[in-house]
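run-v5.pdb follows (PDB, C-alpha atoms):
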```
ATOM      1  CA  MET A1469     -20.422   0.878  18.379
ATOM      2  CA  PRO A1470     -19.750   0.581  14.629
ATOM      3  CA  VAL A1471     -21.796   2.788  12.304
ATOM      4  CA  VAL A1472     -23.798  -0.054  10.766
ATOM      5  CA  GLU A1473     -24.992  -1.281  14.187
ATOM      6  CA  TRP A1474     -25.886   2.232  15.192
ATOM      7  CA  LEU A1475     -27.910   2.687  11.962
ATOM      8  CA  HIS A1476     -29.563  -0.655  12.562
ATOM      9  CA  ALA A1477     -30.621   0.508  16.023
ATOM     10  CA  LEU A1478     -31.956   3.697  14.441
ATOM     11  CA  GLU A1479     -34.176   1.587  12.188
ATOM     12  CA  GLN A1480     -35.650  -0.173  15.231
ATOM     13  CA  THR A1481     -37.049   3.075  16.622
ATOM     14  CA  ARG A1482     -40.763   3.821  16.560
ATOM     15  CA  ILE A1483     -40.330   6.874  14.288
ATOM     16  CA  SER A1484     -38.393   4.839  11.730
ATOM     17  CA  GLU A1485     -41.136   2.219  11.730
ATOM     18  CA  VAL A1486     -43.926   4.795  11.305
ATOM     19  CA  VAL A1487     -42.184   6.506   8.369
ATOM     20  CA  ARG A1488     -41.362   3.198   6.694
ATOM     21  CA  GLU A1489     -44.779   1.631   7.118
ATOM     22  CA  SER A1490     -47.266   4.468   6.707
ATOM     23  CA  ALA A1491     -45.959   8.043   6.420
ATOM     24  CA  PHE A1492     -43.411   7.414   3.651
ATOM     25  CA  PRO A1493     -45.518   8.559   0.629
ATOM     26  CA  TYR A1494     -46.430  11.852   2.319
ATOM     27  CA  ILE A1495     -42.930  12.646   3.556
ATOM     28  CA  GLU A1496     -41.313  11.585   0.287
ATOM     29  CA  GLY A1497     -43.899  13.619  -1.678
ATOM     30  CA  THR A1498     -43.212  16.668   0.492
ATOM     31  CA  HIS A1499     -39.474  16.161  -0.014
ATOM     32  CA  VAL A1500     -39.861  16.049  -3.822
ATOM     33  CA  LEU A1501     -42.225  19.028  -4.073
ATOM     34  CA  GLY A1502     -40.018  20.906  -1.580
ATOM     35  CA  LEU A1503     -37.518  21.097  -4.438
ATOM     36  CA  SER A1504     -39.564  24.038  -5.725
ATOM     37  CA  LEU A1505     -38.917  26.085  -2.572
ATOM     38  CA  SER A1506     -35.296  25.073  -1.975
ATOM     39  CA  VAL A1507     -33.401  24.454  -5.227
ATOM     40  CA  GLY A1508     -36.248  26.139  -7.130
ATOM     41  CA  MET A1509     -35.521  29.408  -5.273
ATOM     42  CA  ILE A1510     -31.718  29.334  -5.029
ATOM     43  CA  ALA A1511     -31.649  28.690  -8.799
ATOM     44  CA  TRP A1512     -32.956  32.244  -9.458
ATOM     45  CA  VAL A1513     -30.166  33.767  -7.381
ATOM     46  CA  ASP A1514     -27.639  31.566  -9.218
ATOM     47  CA  LEU A1515     -29.077  32.429 -12.639
ATOM     48  CA  ARG A1516     -28.965  36.138 -11.719
ATOM     49  CA  LEU A1517     -25.316  35.765 -10.615
ATOM     50  CA  VAL A1518     -24.513  34.071 -13.917
ATOM     51  CA  GLY A1519     -26.218  36.970 -15.714
ATOM     52  CA  ALA A1520     -28.827  34.720 -17.332
ATOM     53  CA  THR A1521     -31.992  36.351 -16.004
ATOM     54  CA  MET A1522     -33.411  39.521 -14.374
ATOM     55  CA  ARG A1523     -30.364  41.518 -15.511
ATOM     56  CA  THR A1524     -32.059  44.854 -14.810
ATOM     57  CA  ARG A1525     -32.802  43.942 -11.195
ATOM     58  CA  PRO A1526     -30.184  44.401  -8.456
ATOM     59  CA  VAL A1527     -28.693  41.094  -7.253
ATOM     60  CA  SER A1528     -29.694  42.063  -3.698
ATOM     61  CA  GLU A1529     -33.347  42.461  -4.745
ATOM     62  CA  VAL A1530     -33.458  38.961  -6.233
ATOM     63  CA  TYR A1531     -31.740  37.513  -3.163
ATOM     64  CA  GLU A1532     -33.936  39.346  -0.656
ATOM     65  CA  SER A1533     -37.127  38.441  -2.546
ATOM     66  CA  VAL A1534     -36.473  34.705  -2.378
ATOM     67  CA  GLN A1535     -34.390  34.261   0.797
ATOM     68  CA  GLY A1536     -37.246  33.653   3.258
ATOM     69  CA  TRP A1537     -38.925  31.088   1.018
ATOM     70  CA  MET A1538     -35.578  29.508   0.233
ATOM     71  CA  LEU A1539     -34.627  29.120   3.916
ATOM     72  CA  ALA A1540     -38.055  27.661   4.709
ATOM     73  CA  GLY A1541     -37.620  25.326   1.733
ATOM     74  CA  PHE A1542     -34.207  24.083   2.852
ATOM     75  CA  CYS A1543     -35.488  23.563   6.416
ATOM     76  CA  LEU A1544     -38.382  21.523   4.997
ATOM     77  CA  MET A1545     -35.950  19.488   2.888
ATOM     78  CA  PHE A1546     -33.668  18.836   5.848
ATOM     79  CA  VAL A1547     -36.479  17.691   8.145
ATOM     80  CA  THR A1548     -38.215  15.478   5.558
ATOM     81  CA  GLY A1549     -34.845  14.190   4.326
ATOM     82  CA  ALA A1550     -33.803  13.247   7.871
ATOM     83  CA  LEU A1551     -37.078  11.341   8.379
ATOM     84  CA  LEU A1552     -36.603   9.484   5.084
ATOM     85  CA  PHE A1553     -33.039   8.652   6.137
ATOM     86  CA  VAL A1554     -34.189   7.290   9.503
ATOM     87  CA  ALA A1555     -36.650   4.999   7.685
ATOM     88  CA  HIS A1556     -33.954   3.386   5.531
ATOM     89  CA  ALA A1557     -30.715   4.301   7.303
ATOM     90  CA  THR A1558     -28.692   1.187   6.449
ATOM     91  CA  LYS A1559     -29.636   1.184   2.755
ATOM     92  CA  ALA A1560     -28.873   4.897   2.549
ATOM     93  CA  TYR A1561     -25.500   4.466   4.198
ATOM     94  CA  GLU A1562     -24.584   1.657   1.816
ATOM     95  CA  SER A1563     -25.813   3.383  -1.356
ATOM     96  CA  VAL A1564     -23.205   5.026  -3.560
ATOM     97  CA  PHE A1565     -25.852   7.503  -4.748
ATOM     98  CA  PHE A1566     -26.747   8.561  -1.208
ATOM     99  CA  ARG A1567     -23.065   9.090  -0.407
ATOM    100  CA  ALA A1568     -22.676  11.127  -3.593
ATOM    101  CA  LYS A1569     -25.712  13.193  -2.614
ATOM    102  CA  VAL A1570     -24.255  14.005   0.809
ATOM    103  CA  ALA A1571     -20.931  14.927  -0.832
ATOM    104  CA  PHE A1572     -22.654  17.261  -3.338
ATOM    105  CA  LEU A1573     -24.691  18.825  -0.500
ATOM    106  CA  LEU A1574     -21.515  19.530   1.486
ATOM    107  CA  LEU A1575     -19.817  21.019  -1.594
ATOM    108  CA  ALA A1576     -22.873  23.202  -2.298
ATOM    109  CA  GLY A1577     -22.778  24.398   1.317
ATOM    110  CA  ILE A1578     -19.054  25.146   1.142
ATOM    111  CA  ASN A1579     -19.537  27.005  -2.164
ATOM    112  CA  ALA A1580     -22.303  29.125  -0.592
ATOM    113  CA  LEU A1581     -20.138  29.891   2.475
ATOM    114  CA  ILE A1582     -17.099  30.847   0.383
ATOM    115  CA  PHE A1583     -19.309  33.100  -1.731
ATOM    116  CA  HIS A1584     -20.777  34.664   1.395
ATOM    117  CA  TRP A1585     -17.384  35.336   2.986
ATOM    118  CA  THR A1586     -15.343  36.433  -0.007
ATOM    119  CA  VAL A1587     -17.534  37.762  -2.790
ATOM    120  CA  ASN A1588     -20.815  38.788  -1.283
ATOM    121  CA  HIS A1589     -19.632  41.586   0.998
ATOM    122  CA  ARG A1590     -18.350  43.416  -2.070
ATOM    123  CA  THR A1591     -21.734  43.101  -3.765
ATOM    124  CA  THR A1592     -22.301  46.841  -3.532
ATOM    125  CA  SER A1593     -19.870  47.540  -6.385
ATOM    126  CA  TRP A1594     -21.641  45.258  -8.900
ATOM    127  CA  ASN A1595     -25.096  44.935  -7.341
ATOM    128  CA  ASP A1596     -26.681  46.579 -10.397
ATOM    129  CA  ALA A1597     -24.368  45.082 -13.033
ATOM    130  CA  PRO A1598     -26.362  43.135 -15.666
ATOM    131  CA  VAL A1599     -23.539  40.569 -15.745
ATOM    132  CA  PRO A1600     -21.627  40.238 -12.428
ATOM    133  CA  PRO A1601     -17.817  39.739 -12.347
ATOM    134  CA  THR A1602     -16.257  36.370 -13.127
ATOM    135  CA  ALA A1603     -15.888  35.206  -9.501
ATOM    136  CA  ALA A1604     -19.600  35.732  -8.831
ATOM    137  CA  ARG A1605     -20.566  34.077 -12.110
ATOM    138  CA  MET A1606     -18.407  31.065 -11.258
ATOM    139  CA  ALA A1607     -20.018  30.816  -7.809
ATOM    140  CA  GLY A1608     -23.484  30.877  -9.411
ATOM    141  CA  LEU A1609     -22.588  28.293 -12.032
ATOM    142  CA  THR A1610     -20.941  26.017  -9.448
ATOM    143  CA  SER A1611     -24.050  26.240  -7.280
ATOM    144  CA  LEU A1612     -26.344  25.367 -10.217
ATOM    145  CA  VAL A1613     -24.225  22.354 -11.204
ATOM    146  CA  LEU A1614     -23.982  21.109  -7.600
ATOM    147  CA  TRP A1615     -27.718  21.408  -6.924
ATOM    148  CA  LEU A1616     -28.537  19.598 -10.169
ATOM    149  CA  SER A1617     -26.118  16.884  -9.034
ATOM    150  CA  VAL A1618     -27.908  16.697  -5.662
ATOM    151  CA  ILE A1619     -31.233  16.192  -7.479
ATOM    152  CA  ALA A1620     -29.741  13.553  -9.780
ATOM    153  CA  ALA A1621     -28.044  11.591  -6.972
ATOM    154  CA  GLY A1622     -31.179  11.809  -4.810
ATOM    155  CA  ARG A1623     -33.442  10.545  -7.555
ATOM    156  CA  LEU A1624     -31.042   7.721  -8.479
ATOM    157  CA  PHE A1625     -30.757   6.752  -4.795
ATOM    158  CA  ALA A1626     -34.554   6.319  -4.688
ATOM    159  CA  TYR A1627     -34.057   3.494  -7.208
ATOM    160  CA  ASP A1628     -31.813   1.691  -4.732
ATOM    161  CA  LEU A1629     -34.556   1.506  -2.095
TER     162      LEU A1629
ATOM    163  CA  MET B 381     -65.290   8.152 -22.965
ATOM    164  CA  VAL B 382     -62.324  10.384 -23.726
ATOM    165  CA  TRP B 383     -60.024   7.910 -21.997
ATOM    166  CA  SER B 384     -61.319   4.881 -23.918
ATOM    167  CA  ALA B 385     -60.991   6.819 -27.175
ATOM    168  CA  LEU B 386     -57.293   7.220 -26.369
ATOM    169  CA  GLN B 387     -56.787   3.495 -25.650
ATOM    170  CA  PRO B 388     -55.693   2.551 -29.230
ATOM    171  CA  VAL B 389     -53.042   5.303 -29.211
ATOM    172  CA  VAL B 390     -51.784   4.116 -25.797
ATOM    173  CA  ASN B 391     -51.637   0.499 -27.017
ATOM    174  CA  TRP B 392     -49.663   1.545 -30.076
ATOM    175  CA  LEU B 393     -47.298   3.742 -28.024
ATOM    176  CA  GLY B 394     -46.643   1.020 -25.455
ATOM    177  CA  GLY B 395     -45.945  -1.564 -28.167
ATOM    178  CA  SER B 396     -43.775   0.741 -30.281
ATOM    179  CA  ALA B 397     -40.038   0.141 -30.559
ATOM    180  CA  LEU B 398     -39.400   3.226 -28.373
ATOM    181  CA  GLY B 399     -41.870   2.054 -25.729
ATOM    182  CA  VAL B 400     -40.318  -1.408 -25.551
ATOM    183  CA  TRP B 401     -36.763  -0.013 -25.512
ATOM    184  CA  LEU B 402     -37.551   2.408 -22.655
ATOM    185  CA  GLY B 403     -39.532  -0.178 -20.677
ATOM    186  CA  GLN B 404     -36.606  -2.640 -20.745
ATOM    187  CA  SER B 405     -34.243  -0.520 -18.711
ATOM    188  CA  PRO B 406     -34.728   0.943 -15.214
ATOM    189  CA  THR B 407     -31.567   3.009 -15.833
ATOM    190  CA  ARG B 408     -33.112   4.818 -18.820
ATOM    191  CA  ILE B 409     -36.255   5.566 -16.802
ATOM    192  CA  ALA B 410     -34.152   6.707 -13.822
ATOM    193  CA  ILE B 411     -32.300   9.216 -16.016
ATOM    194  CA  LEU B 412     -35.616  10.458 -17.417
ATOM    195  CA  PHE B 413     -36.857  10.963 -13.831
ATOM    196  CA  VAL B 414     -33.817  13.144 -13.085
ATOM    197  CA  VAL B 415     -34.764  15.320 -16.093
ATOM    198  CA  HIS B 416     -38.410  15.296 -14.943
ATOM    199  CA  LEU B 417     -37.452  16.583 -11.470
ATOM    200  CA  THR B 418     -35.144  19.227 -12.940
ATOM    201  CA  GLY B 419     -38.061  20.433 -15.076
ATOM    202  CA  LEU B 420     -40.376  20.355 -12.053
ATOM    203  CA  THR B 421     -37.925  22.452 -10.027
ATOM    204  CA  LEU B 422     -37.736  25.147 -12.733
ATOM    205  CA  LEU B 423     -41.472  25.092 -13.445
ATOM    206  CA  LEU B 424     -42.699  25.157  -9.833
ATOM    207  CA  GLY B 425     -39.892  27.492  -8.710
ATOM    208  CA  GLY B 426     -40.793  29.835 -11.578
ATOM    209  CA  THR B 427     -44.476  29.600 -10.711
ATOM    210  CA  ILE B 428     -43.718  30.620  -7.113
ATOM    211  CA  VAL B 429     -41.656  33.623  -8.261
ATOM    212  CA  MET B 430     -44.280  34.783 -10.773
ATOM    213  CA  SER B 431     -46.990  34.376  -8.133
ATOM    214  CA  LEU B 432     -44.957  36.402  -5.639
ATOM    215  CA  GLY B 433     -44.636  39.119  -8.276
ATOM    216  CA  LEU B 434     -48.395  39.049  -8.928
ATOM    217  CA  ALA B 435     -49.210  39.186  -5.230
ATOM    218  CA  GLY B 436     -46.758  42.076  -4.794
ATOM    219  CA  VAL B 437     -44.462  40.175  -2.427
ATOM    220  CA  GLY B 438     -40.814  40.991  -3.140
ATOM    221  CA  PHE B 439     -39.378  41.859  -6.580
ATOM    222  CA  ARG B 440     -40.228  45.519  -6.024
ATOM    223  CA  SER B 441     -38.548  47.086  -9.066
ATOM    224  CA  GLY B 442     -40.495  46.876 -12.318
ATOM    225  CA  SER B 443     -43.956  45.483 -13.009
ATOM    226  CA  SER B 444     -45.199  41.907 -12.709
ATOM    227  CA  ALA B 445     -45.345  41.885 -16.529
ATOM    228  CA  GLN B 446     -41.603  42.579 -16.627
ATOM    229  CA  LEU B 447     -40.919  39.854 -14.049
ATOM    230  CA  ALA B 448     -43.010  37.431 -16.132
ATOM    231  CA  ARG B 449     -40.920  38.278 -19.221
ATOM    232  CA  GLU B 450     -37.680  37.628 -17.307
ATOM    233  CA  ILE B 451     -38.794  34.418 -15.600
ATOM    234  CA  GLY B 452     -41.072  33.110 -18.359
ATOM    235  CA  PRO B 453     -38.507  31.511 -20.719
ATOM    236  CA  TRP B 454     -36.846  29.546 -17.874
ATOM    237  CA  ARG B 455     -40.200  28.471 -16.518
ATOM    238  CA  MET B 456     -41.341  27.339 -19.977
ATOM    239  CA  ALA B 457     -38.048  25.473 -20.431
ATOM    240  CA  GLY B 458     -38.892  23.670 -17.164
ATOM    241  CA  LEU B 459     -42.369  22.827 -18.460
ATOM    242  CA  ALA B 460     -40.899  21.542 -21.746
ATOM    243  CA  LEU B 461     -38.338  19.363 -19.903
ATOM    244  CA  ALA B 462     -41.060  17.964 -17.637
ATOM    245  CA  ILE B 463     -43.470  17.243 -20.507
ATOM    246  CA  ILE B 464     -40.884  15.630 -22.818
ATOM    247  CA  SER B 465     -39.356  13.463 -20.066
ATOM    248  CA  GLY B 466     -42.848  12.687 -18.713
ATOM    249  CA  PHE B 467     -44.039  11.597 -22.152
ATOM    250  CA  LEU B 468     -41.032   9.260 -22.489
ATOM    251  CA  ILE B 469     -41.519   7.818 -18.968
ATOM    252  CA  PHE B 470     -45.168   7.202 -19.867
ATOM    253  CA  THR B 471     -44.164   5.552 -23.154
ATOM    254  CA  GLY B 472     -41.936   3.115 -21.218
ATOM    255  CA  GLY B 473     -44.951   1.819 -19.245
ATOM    256  CA  ALA B 474     -47.933   3.144 -21.171
ATOM    257  CA  LEU B 475     -50.547   0.454 -20.465
ATOM    258  CA  THR B 476     -49.903   0.363 -16.717
ATOM    259  CA  TYR B 477     -49.766   4.151 -16.316
ATOM    260  CA  PHE B 478     -52.895   4.640 -18.402
ATOM    261  CA  GLU B 479     -54.964   2.420 -16.055
ATOM    262  CA  GLY B 480     -53.992   4.463 -12.985
ATOM    263  CA  GLN B 481     -56.547   6.782 -11.363
ATOM    264  CA  TRP B 482     -53.877   9.224 -10.230
ATOM    265  CA  PHE B 483     -52.298   9.296 -13.657
ATOM    266  CA  ARG B 484     -55.673  10.315 -15.131
ATOM    267  CA  ARG B 485     -56.188  12.911 -12.412
ATOM    268  CA  LYS B 486     -52.721  14.295 -13.086
ATOM    269  CA  MET B 487     -53.333  14.581 -16.848
ATOM    270  CA  THR B 488     -56.711  16.266 -16.248
ATOM    271  CA  LEU B 489     -55.149  18.775 -13.844
ATOM    272  CA  LEU B 490     -52.227  19.339 -16.223
ATOM    273  CA  LEU B 491     -54.633  20.180 -19.043
ATOM    274  CA  ILE B 492     -56.529  22.627 -16.803
ATOM    275  CA  ALA B 493     -53.254  24.165 -15.535
ATOM    276  CA  VAL B 494     -51.929  24.669 -19.089
ATOM    277  CA  ILE B 495     -55.190  26.219 -20.321
ATOM    278  CA  PHE B 496     -55.357  28.484 -17.250
ATOM    279  CA  ASN B 497     -51.706  29.443 -17.679
ATOM    280  CA  PHE B 498     -52.028  30.520 -21.308
ATOM    281  CA  SER B 499     -55.340  32.326 -20.840
ATOM    282  CA  TRP B 500     -56.293  34.059 -17.587
ATOM    283  CA  PHE B 501     -52.882  33.811 -15.871
ATOM    284  CA  ARG B 502     -51.176  35.318 -18.924
ATOM    285  CA  ILE B 503     -53.755  38.120 -19.208
ATOM    286  CA  VAL B 504     -53.362  39.141 -15.553
ATOM    287  CA  THR B 505     -49.535  38.896 -15.418
ATOM    288  CA  ASN B 506     -49.101  40.862 -18.655
ATOM    289  CA  ALA B 507     -51.677  43.536 -17.795
ATOM    290  CA  PRO B 508     -50.345  47.022 -17.004
ATOM    291  CA  ASP B 509     -50.203  47.821 -13.278
ATOM    292  CA  GLY B 510     -53.572  48.996 -11.990
ATOM    293  CA  ARG B 511     -55.612  47.108 -14.590
ATOM    294  CA  PHE B 512     -56.412  44.412 -11.998
ATOM    295  CA  GLY B 513     -56.882  45.079  -8.286
ATOM    296  CA  PRO B 514     -54.672  43.482  -5.616
ATOM    297  CA  TRP B 515     -57.221  40.780  -4.785
ATOM    298  CA  ALA B 516     -57.735  39.720  -8.406
ATOM    299  CA  ARG B 517     -53.951  39.401  -8.707
ATOM    300  CA  ARG B 518     -53.602  37.468  -5.423
ATOM    301  CA  LEU B 519     -56.429  35.096  -6.371
ATOM    302  CA  THR B 520     -54.847  34.504  -9.783
ATOM    303  CA  ALA B 521     -51.490  33.775  -8.127
ATOM    304  CA  GLY B 522     -53.160  31.414  -5.629
ATOM    305  CA  ALA B 523     -55.081  29.567  -8.350
ATOM    306  CA  SER B 524     -51.903  29.115 -10.375
ATOM    307  CA  LEU B 525     -49.978  27.729  -7.376
ATOM    308  CA  LEU B 526     -52.862  25.415  -6.478
ATOM    309  CA  LEU B 527     -53.140  24.054 -10.029
ATOM    310  CA  TRP B 528     -49.423  23.465 -10.647
ATOM    311  CA  PHE B 529     -48.776  21.996  -7.194
ATOM    312  CA  GLY B 530     -51.894  19.867  -7.699
ATOM    313  CA  VAL B 531     -50.250  18.445 -10.817
ATOM    314  CA  GLY B 532     -47.121  17.710  -8.753
ATOM    315  CA  VAL B 533     -49.010  16.085  -5.865
ATOM    316  CA  SER B 534     -51.059  13.836  -8.155
ATOM    317  CA  GLY B 535     -47.852  12.945  -9.990
ATOM    318  CA  ARG B 536     -46.243  11.778  -6.750
ATOM    319  CA  ALA B 537     -49.413   9.850  -5.920
ATOM    320  CA  ILE B 538     -49.000   7.752  -9.113
ATOM    321  CA  ALA B 539     -45.970   6.090  -7.546
ATOM    322  CA  PHE B 540     -47.673   5.197  -4.260
ATOM    323  CA  PHE B 541     -51.447   4.805  -4.585
TER     324      PHE B 541
END
```
Any chance you could put this one into structure tokens?
Amino acid sequence: MPVVEWLHALEQTRISEVVRESAFPYIEGTHVLGLSLSVGMIAWVDLRLVGATMRTRPVSEVYESVQGWMLAGFCLMFVTGALLFVAHATKAYESVFFRAKVAFLLLAGINALIFHWTVNHRTTSWNDAPVPPTAARMAGLTSLVLWLSVIAAGRLFAYDL
Amino acid sequence: MVWSALQPVVNWLGGSALGVWLGQSPTRIAILFVVHLTGLTLLLGGTIVMSLGLAGVGFRSGSSAQLAREIGPWRMAGLALAIISGFLIFTGGALTYFEGQWFRRKMTLLLIAVIFNFSWFRIVTNAPDGRFGPWARRLTAGASLLLWFGVGVSGRAIAFF
């Protein structure tokens, strides 16, 4: 079955109908305010990696202080985002902004994984450095730019609805 | 009373060249909303971190006053972005926004949140450790979160109710 037909079938489901017709404001509102827990938390780790804030605190302390909230925030974003998608699946699929958002999300995920696998396990040597080495700073900056792009594409996509 | 006293200013703002120019273009407003959400992410994310510091959750090294000094400028930059972009979004649809119940609730809460932030919240976060007991600090953190998220929730409600 082609994607568009499959998405159309998705929009016929009861859950899609409920989100579209009554729950949308609450789920959308949760998705927007969830920015504070997801991007709003990862941004502090990124800014610390860049060397722009909390320079006297170990990188690991900043990361460990926000990680639980951040993971909860991203779970919240994924669940509410999936429900919003189900409500308007065809429009989302056809929107250039939604496609851009998914692309930025994937890139942000890849950036985080690369950082985790290559840079992070050597953290011990520069954990206390006020300004981390270039590779870590680049990872932080890339993450900041990508998450801002996710916000921008998401907000612009809302105008397509 | 206060609201009707502001009506002439709102009329002037809405009819000004800037108001008309902004109101003409959904694209301009969409870009302003991206800035508004970026500001919200920094402001609410910063509020969460400062509240965690006050409540003694995470960020173990250094005092909550030190954490406030490190986070404060970024959080205030978020507030400035949100207020400037919010003012411009309002200007682009001043008369309609001004009539809205949720818009008025949001502005009232924003005023309370700002006053609270620069008075009691500032006193408690900047106080030397031990000056306020753990419960006074937790209550202050909770009140701050409630106020700023209240501003966010009523802001989202403007779009839907």
- request: Expand the PyMOL selection byres ((chain A) within 8 of (chain B)) into the individual residues it matches in the shown file, reporting them as a ChimeraX atom specification.
  value: /A:1493,1497,1501,1503-1505,1507-1509,1521-1522,1525,1529-1530,1532-1534,1616,1619-1620,1623-1624,1627
message: Evaluated on this file, the PyMOL selection byres ((chain B and resi 490-504) around 7) picks out some residues - which ones are they, written as a ChimeraX atom specification?
response: /B:486-489,505-507,517,520,527-528,531
task: Please return, as a VMD selection string, all polymer residues that have at least one atom within 10 Å of the point (-19.8, 28.9, -6.0); use all atoms listed in the file and the file's own coordinate frame.
output: chain A and resid 1514 1517 1575 to 1584 1587 1603 to 1614
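The coordinates place atom CA of Lys1569 of chain A at 21.5 Å from atom CA of Trp1512 of chain A.
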Calculate, to one decimal in Å, the centre and edge lengths of the box along x, y and z of the file that holds all listed atoms of segment 1529-1538 of chain A with 4 Å of margin on each side, and present them as AutoDock Vina command-line options.
```
--center_x -35.3 --center_y 36.0 --center_z -1.5 --size_x 15.2 --size_y 21.0 --size_z 17.5
```
Have segment 1487-1509 of chain A completed to N, CA and C atoms, please, and pass it along as a CSV table (one decimal), keeping the file's coordinate frame.
```
chain,number,residue,atom,x,y,z
A,1487,VAL,N,-42.5,5.9,9.7
A,1487,VAL,CA,-42.2,6.5,8.4
A,1487,VAL,C,-42.2,5.4,7.3
A,1488,ARG,N,-41.5,4.3,7.6
A,1488,ARG,CA,-41.4,3.2,6.7
A,1488,ARG,C,-42.7,2.6,6.3
A,1489,GLU,N,-43.6,2.4,7.4
A,1489,GLU,CA,-44.8,1.6,7.1
A,1489,GLU,C,-46.0,2.4,6.7
A,1490,SER,N,-46.1,3.7,7.1
A,1490,SER,CA,-47.3,4.5,6.7
A,1490,SER,C,-47.0,5.9,6.2
A,1491,ALA,N,-46.1,6.6,6.8
A,1491,ALA,CA,-46.0,8.0,6.4
A,1491,ALA,C,-45.1,8.3,5.2
A,1492,PHE,N,-44.4,7.2,4.7
A,1492,PHE,CA,-43.4,7.4,3.7
A,1492,PHE,C,-43.9,8.2,2.4
A,1493,PRO,N,-45.1,7.8,1.8
A,1493,PRO,CA,-45.5,8.6,0.6
A,1493,PRO,C,-45.7,10.1,0.9
A,1494,TYR,N,-46.2,10.4,2.0
A,1494,TYR,CA,-46.4,11.9,2.3
A,1494,TYR,C,-45.1,12.6,2.5
A,1495,ILE,N,-44.2,12.0,3.3
A,1495,ILE,CA,-42.9,12.6,3.6
A,1495,ILE,C,-42.1,12.7,2.3
A,1496,GLU,N,-42.1,11.6,1.5
A,1496,GLU,CA,-41.3,11.6,0.3
A,1496,GLU,C,-41.9,12.6,-0.7
A,1497,GLY,N,-43.2,12.7,-0.8
A,1497,GLY,CA,-43.9,13.6,-1.7
A,1497,GLY,C,-43.6,15.1,-1.3
A,1498,THR,N,-43.6,15.3,0.0
A,1498,THR,CA,-43.2,16.7,0.5
A,1498,THR,C,-41.8,17.0,0.1
A,1499,HIS,N,-40.9,16.0,0.3
A,1499,HIS,CA,-39.5,16.2,0.0
A,1499,HIS,C,-39.3,16.5,-1.5
A,1500,VAL,N,-40.0,15.8,-2.4
A,1500,VAL,CA,-39.9,16.0,-3.8
A,1500,VAL,C,-40.4,17.4,-4.2
A,1501,LEU,N,-41.6,17.7,-3.7
A,1501,LEU,CA,-42.2,19.0,-4.1
A,1501,LEU,C,-41.5,20.2,-3.4
A,1502,GLY,N,-40.8,19.9,-2.3
A,1502,GLY,CA,-40.0,20.9,-1.6
A,1502,GLY,C,-38.9,21.4,-2.4
A,1503,LEU,N,-38.5,20.7,-3.5
A,1503,LEU,CA,-37.5,21.1,-4.4
A,1503,LEU,C,-37.8,22.5,-5.0
A,1504,SER,N,-39.1,22.8,-5.1
A,1504,SER,CA,-39.6,24.0,-5.7
A,1504,SER,C,-39.2,25.2,-4.8
A,1505,LEU,N,-39.2,25.0,-3.5
A,1505,LEU,CA,-38.9,26.1,-2.6
A,1505,LEU,C,-37.4,26.2,-2.3
A,1506,SER,N,-36.7,25.1,-2.3
A,1506,SER,CA,-35.3,25.1,-2.0
A,1506,SER,C,-34.5,25.3,-3.2
A,1507,VAL,N,-34.2,24.3,-4.0
A,1507,VAL,CA,-33.4,24.5,-5.2
A,1507,VAL,C,-34.1,25.4,-6.2
A,1508,GLY,N,-35.5,25.3,-6.2
A,1508,GLY,CA,-36.2,26.1,-7.1
A,1508,GLY,C,-36.1,27.6,-6.8
A,1509,MET,N,-35.7,28.0,-5.6
A,1509,MET,CA,-35.5,29.4,-5.3
A,1509,MET,C,-34.1,29.8,-5.4
```
